[in-house]
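Source file: query_5.pdb; contents: PDB, C-alpha atoms.
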```pdb
ATOM      1  CA  MET B 274     148.884 140.563  95.912
ATOM      2  CA  SER B 275     149.689 141.731  99.399
ATOM      3  CA  LEU B 276     151.077 139.507 102.121
ATOM      4  CA  VAL B 277     147.809 139.675 104.108
ATOM      5  CA  ALA B 278     145.778 138.613 101.081
ATOM      6  CA  ARG B 279     148.128 135.683 100.366
ATOM      7  CA  GLN B 280     147.914 134.521 103.979
ATOM      8  CA  PHE B 281     144.130 134.734 103.812
ATOM      9  CA  VAL B 282     144.018 132.694 100.584
ATOM     10  CA  TYR B 283     146.425 130.124 102.029
ATOM     11  CA  ARG B 284     144.328 129.758 105.196
ATOM     12  CA  LEU B 285     141.149 129.486 103.168
ATOM     13  CA  GLN B 286     142.668 126.756 100.983
ATOM     14  CA  SER B 287     143.929 124.791 103.981
ATOM     15  CA  GLU B 288     140.548 125.027 105.709
ATOM     16  CA  CYS B 289     138.770 123.845 102.546
ATOM     17  CA  LEU B 290     141.121 120.859 102.282
ATOM     18  CA  ARG B 291     140.600 120.024 105.959
ATOM     19  CA  LEU B 292     136.855 120.372 105.592
ATOM     20  CA  GLY B 293     136.884 118.132 102.510
ATOM     21  CA  GLN B 294     138.386 115.314 104.565
ATOM     22  CA  SER B 295     135.831 115.650 107.356
ATOM     23  CA  SER B 296     133.142 112.992 107.702
ATOM     24  CA  VAL B 297     130.736 115.663 108.949
ATOM     25  CA  ALA B 298     131.183 117.664 105.744
ATOM     26  CA  PHE B 299     130.782 114.508 103.648
ATOM     27  CA  ASN B 300     127.560 113.565 105.452
ATOM     28  CA  ALA B 301     126.241 117.125 105.224
ATOM     29  CA  ALA B 302     126.945 117.180 101.485
ATOM     30  CA  TRP B 303     124.931 113.993 101.008
ATOM     31  CA  LEU B 304     122.003 115.388 102.965
ATOM     32  CA  LEU B 305     122.140 118.651 101.014
ATOM     33  CA  ALA B 306     122.174 116.789  97.699
ATOM     34  CA  GLY B 307     119.196 114.697  98.811
ATOM     35  CA  GLN B 308     117.249 117.793  99.810
ATOM     36  CA  VAL B 309     117.982 119.504  96.483
ATOM     37  CA  VAL B 310     116.767 116.479  94.507
ATOM     38  CA  SER B 311     113.645 116.266  96.698
ATOM     39  CA  VAL B 312     112.796 119.929  96.138
ATOM     40  CA  VAL B 313     113.245 119.524  92.368
ATOM     41  CA  CYS B 314     110.953 116.467  92.383
ATOM     42  CA  GLN B 315     108.317 118.317  94.379
ATOM     43  CA  ALA B 316     108.451 121.255  91.972
ATOM     44  CA  LEU B 317     107.976 118.906  89.018
ATOM     45  CA  TYR B 318     105.030 117.233  90.784
ATOM     46  CA  PHE B 319     103.496 120.629  91.417
ATOM     47  CA  LEU B 320     103.787 121.602  87.761
ATOM     48  CA  ALA B 321     102.454 118.278  86.486
ATOM     49  CA  LEU B 322      99.510 118.131  88.901
ATOM     50  CA  ALA B 323      98.608 121.766  88.385
ATOM     51  CA  ARG B 324      98.415 121.176  84.633
ATOM     52  CA  LEU B 325      96.580 117.839  84.842
ATOM     53  CA  LEU B 326      94.024 118.804  87.463
ATOM     54  CA  GLY B 327      91.817 121.825  87.300
ATOM     55  CA  SER B 328      92.000 124.545  89.874
ATOM     56  CA  MET B 329      89.153 123.060  91.932
ATOM     57  CA  GLN B 330      90.582 119.521  92.004
ATOM     58  CA  TYR B 331      94.106 120.766  92.683
ATOM     59  CA  GLY B 332      92.823 122.896  95.551
ATOM     60  CA  ILE B 333      91.099 119.883  97.110
ATOM     61  CA  LEU B 334      94.256 117.790  96.687
ATOM     62  CA  ALA B 335      96.466 120.509  98.170
ATOM     63  CA  GLY B 336      94.145 120.987 101.139
ATOM     64  CA  ALA B 337      93.924 117.253 101.794
ATOM     65  CA  ALA B 338      97.693 116.865 101.480
ATOM     66  CA  ALA B 339      98.276 119.751 103.881
ATOM     67  CA  LEU B 340      95.907 118.271 106.452
ATOM     68  CA  VAL B 341      97.462 114.814 106.172
ATOM     69  CA  SER B 342     100.940 116.310 106.392
ATOM     70  CA  ILE B 343     100.064 118.081 109.632
ATOM     71  CA  VAL B 344      98.507 114.993 111.201
ATOM     72  CA  SER B 345     101.062 112.465 109.940
ATOM     73  CA  GLN B 346     103.868 114.003 111.993
ATOM     74  CA  TYR B 347     102.255 112.502 115.083
ATOM     75  CA  SER B 348     101.568 109.040 113.686
ATOM     76  CA  SER B 349     104.903 107.561 114.772
ATOM     77  CA  MET B 350     104.632 109.245 118.190
ATOM     78  CA  GLY B 351     108.315 110.200 118.129
ATOM     79  CA  SER B 352     109.527 106.617 118.273
ATOM     80  CA  GLY B 353     112.133 107.231 115.563
ATOM     81  CA  LEU B 354     113.647 110.071 117.557
ATOM     82  CA  LEU B 355     113.727 107.895 120.665
ATOM     83  CA  LEU B 356     115.525 105.210 118.677
ATOM     84  CA  LEU B 357     118.006 107.827 117.466
ATOM     85  CA  ARG B 358     118.628 109.003 121.022
ATOM     86  CA  TYR B 359     119.002 105.649 122.767
ATOM     87  CA  VAL B 360     120.726 103.636 120.043
ATOM     88  CA  SER B 361     123.347 106.356 119.595
ATOM     89  CA  ALA B 362     124.346 105.745 123.200
ATOM     90  CA  ASP B 363     123.919 101.939 123.240
ATOM     91  CA  ARG B 364     123.831 100.135 119.887
ATOM     92  CA  LYS B 365     122.809  96.846 121.512
ATOM     93  CA  ARG B 366     119.282  98.224 122.030
ATOM     94  CA  PHE B 367     118.654  98.640 118.293
ATOM     95  CA  HIS B 368     116.534  95.503 117.750
ATOM     96  CA  GLU B 369     114.253  96.234 120.689
ATOM     97  CA  LEU B 370     113.763  99.880 119.760
ATOM     98  CA  TRP B 371     113.289  99.152 116.044
ATOM     99  CA  GLY B 372     110.484  96.767 116.991
ATOM    100  CA  ASN B 373     108.940  99.553 119.058
ATOM    101  CA  VAL B 374     109.204 101.899 116.072
ATOM    102  CA  LEU B 375     107.463  99.424 113.766
ATOM    103  CA  LEU B 376     104.723  98.662 116.278
ATOM    104  CA  SER B 377     103.997 102.256 117.261
ATOM    105  CA  THR B 378     104.076 103.529 113.672
ATOM    106  CA  ALA B 379     101.701 100.814 112.501
ATOM    107  CA  LEU B 380      99.341 101.225 115.452
ATOM    108  CA  PHE B 381      99.191 105.008 115.624
ATOM    109  CA  GLY B 382      99.359 105.322 111.836
ATOM    110  CA  MET B 383      96.239 103.194 111.448
ATOM    111  CA  LEU B 384      94.514 105.101 114.247
ATOM    112  CA  THR B 385      95.317 108.346 112.453
ATOM    113  CA  VAL B 386      94.030 106.969 109.152
ATOM    114  CA  GLY B 387      90.858 105.807 110.916
ATOM    115  CA  ALA B 388      90.334 109.229 112.481
ATOM    116  CA  LEU B 389      90.789 110.930 109.111
ATOM    117  CA  PHE B 390      88.424 108.423 107.513
ATOM    118  CA  CYS B 391      85.737 109.196 110.095
ATOM    119  CA  THR B 392      86.146 112.969 109.922
ATOM    120  CA  GLY B 393      87.118 113.301 106.266
ATOM    121  CA  GLN B 394      83.611 113.814 104.934
ATOM    122  CA  TRP B 395      83.173 116.874 107.142
ATOM    123  CA  ILE B 396      86.635 118.271 106.500
ATOM    124  CA  VAL B 397      86.956 118.030 102.701
ATOM    125  CA  GLY B 398      83.447 116.956 101.714
ATOM    126  CA  ARG B 399      81.841 113.596 101.094
ATOM    127  CA  GLU B 400      82.908 113.341  97.437
ATOM    128  CA  SER B 401      86.582 114.063  98.223
ATOM    129  CA  ALA B 402      86.990 112.052 101.424
ATOM    130  CA  SER B 403      88.557 109.079  99.646
ATOM    131  CA  ILE B 404      91.587 111.148  98.579
ATOM    132  CA  LEU B 405      92.154 112.027 102.230
ATOM    133  CA  VAL B 406      92.262 108.357 103.233
ATOM    134  CA  ILE B 407      94.610 107.415 100.380
ATOM    135  CA  LEU B 408      96.986 110.233 101.255
ATOM    136  CA  ALA B 409      96.778 109.337 104.947
ATOM    137  CA  VAL B 410      97.734 105.697 104.379
ATOM    138  CA  GLY B 411     100.687 106.778 102.267
ATOM    139  CA  ASP B 412     101.893 109.511 104.594
ATOM    140  CA  CYS B 413     100.934 108.283 108.075
ATOM    141  CA  CYS B 414     102.058 104.688 107.637
ATOM    142  CA  CYS B 415     104.472 104.344 104.730
ATOM    143  CA  GLY B 416     105.969 107.823 104.826
ATOM    144  CA  GLN B 417     106.606 107.684 108.561
ATOM    145  CA  LEU B 418     108.292 104.294 108.200
ATOM    146  CA  VAL B 419     110.650 105.810 105.629
ATOM    147  CA  ILE B 420     111.412 108.690 107.989
ATOM    148  CA  CYS B 421     112.071 106.300 110.870
ATOM    149  CA  ALA B 422     114.288 104.113 108.658
ATOM    150  CA  SER B 423     116.277 107.179 107.669
ATOM    151  CA  GLN B 424     116.671 108.000 111.365
ATOM    152  CA  VAL B 425     118.158 104.530 111.840
ATOM    153  CA  PHE B 426     120.830 105.321 109.282
ATOM    154  CA  GLN B 427     121.406 108.700 110.925
ATOM    155  CA  THR B 428     122.039 106.829 114.158
ATOM    156  CA  PHE B 429     124.771 104.796 112.477
ATOM    157  CA  GLU B 430     126.107 107.901 110.644
ATOM    158  CA  ARG B 431     125.226 106.591 107.172
ATOM    159  CA  MET B 432     123.914 109.851 105.745
ATOM    160  CA  ARG B 433     124.201 108.738 102.132
ATOM    161  CA  ILE B 434     121.557 106.068 102.718
ATOM    162  CA  THR B 435     119.479 108.594 104.673
ATOM    163  CA  ALA B 436     119.560 110.971 101.719
ATOM    164  CA  VAL B 437     118.699 108.191  99.264
ATOM    165  CA  LEU B 438     115.743 107.057 101.384
ATOM    166  CA  ASN B 439     114.332 110.565 101.723
ATOM    167  CA  THR B 440     114.827 111.275  98.031
ATOM    168  CA  SER B 441     113.406 107.942  96.879
ATOM    169  CA  SER B 442     110.144 108.579  98.725
ATOM    170  CA  ASN B 443     109.724 111.783  96.728
ATOM    171  CA  VAL B 444     110.803 110.198  93.443
ATOM    172  CA  LEU B 445     108.508 107.205  93.842
TER     173      LEU B 445
END
```
Since I need it in another form, could you write the structure as structure tokens?
Amino acid sequence: MSLVARQFVYRLQSECLRLGQSSVAFNAAWLLAGQVVSVVCQALYFLALARLLGSMQYGILAGAAALVSIVSQYSSMGSGLLLLRYVSADRKRFHELWGNVLLSTALFGMLTVGALFCTGQWIVGRESASILVILAVGDCCCGQLVICASQVFQTFERMRITAVLNTSSNVL
């Protein structure tokens, strides 16, 4: 092996060792592992639901889930991101901002569910409107609370708990 190749291997090894001791790399590894487990769970759900439901019922479920997923992003009104921003700078404000997160997610989540309940019969049909409401309660209220809770742990640089929270919502 040439001298240049040995120097390259030595540098690569030293960088890998340095990276292995980094908290950023450790946190990123936890988030990556959580994302991989979530994707595997979603693939298994897809296979199970596609086999259990017929093509018509699965299409209705997929359409309703897509609609709820689009709308649910706005049900916390960005309060989790505001918590992340302000608590990172001043940790004493956590209790106040966490209360704001809970209040805004509950209020706007229920308003979103109510709007989907009122418009659901025209969007997915009268016979399938109930699935829209059930998905909306789960995603707009409960799912957004999980996302905001994971943002709390991101604020305190506890990425392992963030990954577990995100993964557990897919597993459950």
Could you state which residues are captured by the PyMOL selection byres ((chain B and resi 376) around 12) in this file, as a ChimeraX atom specification? /B:348-350,352-353,369-375,377-383,414,418,421
Matched chain/residue IDs from the PyMOL selection byres ((chain B and resi 298-314) around 12), as a PyMOL selection string: chain B and resi 288-297+315-321+423+426-427+429-445
Select, from B:Gly398, B:Val419, B:Asp363, B:Gln424, the residue with the minimum atom-to-atom distance to Gly336 (chain B), counting only C-alpha atoms. B:Gly398
Compare B:Ala337, B:Met329, B:Val386, B:Val397 by their minimum atom-to-atom distance to Cys415 (chain B), counting only C-alpha atoms, and give me the closest one.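 With only C-alpha atoms as the atom set, the closest residue is B:Val386.
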So what do you get for CA of Ala339 (chain B) versus CA of Leu408 (chain B), distance-wise? 10.0 Å
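CA of Ala409 (chain B) is found 17.5 Å from CA of Gly351 (chain B).
Across the structure, CA of Ile407 (chain B) and CA of Gly327 (chain B) are spaced 19.7 Å apart.
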Output as lines of an AutoDock Vina configuration file the centre and edge lengths (Å, one decimal) of the box along x, y and z of the file that holds every listed atom of region 336-347 of chain B after adding 5 Å on each side.
```
center_x = 98.9
center_y = 116.7
center_z = 108.1
size_x = 19.9
size_y = 18.5
size_z = 23.9
```
Among listed residues B:Gly332, B:Gln280, B:Leu325, B:Thr428, nearest Arg366 (chain B) (using all atoms listed in the file):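 Using all atoms listed in the file, Arg366 (chain B) sits closest to B:Thr428.
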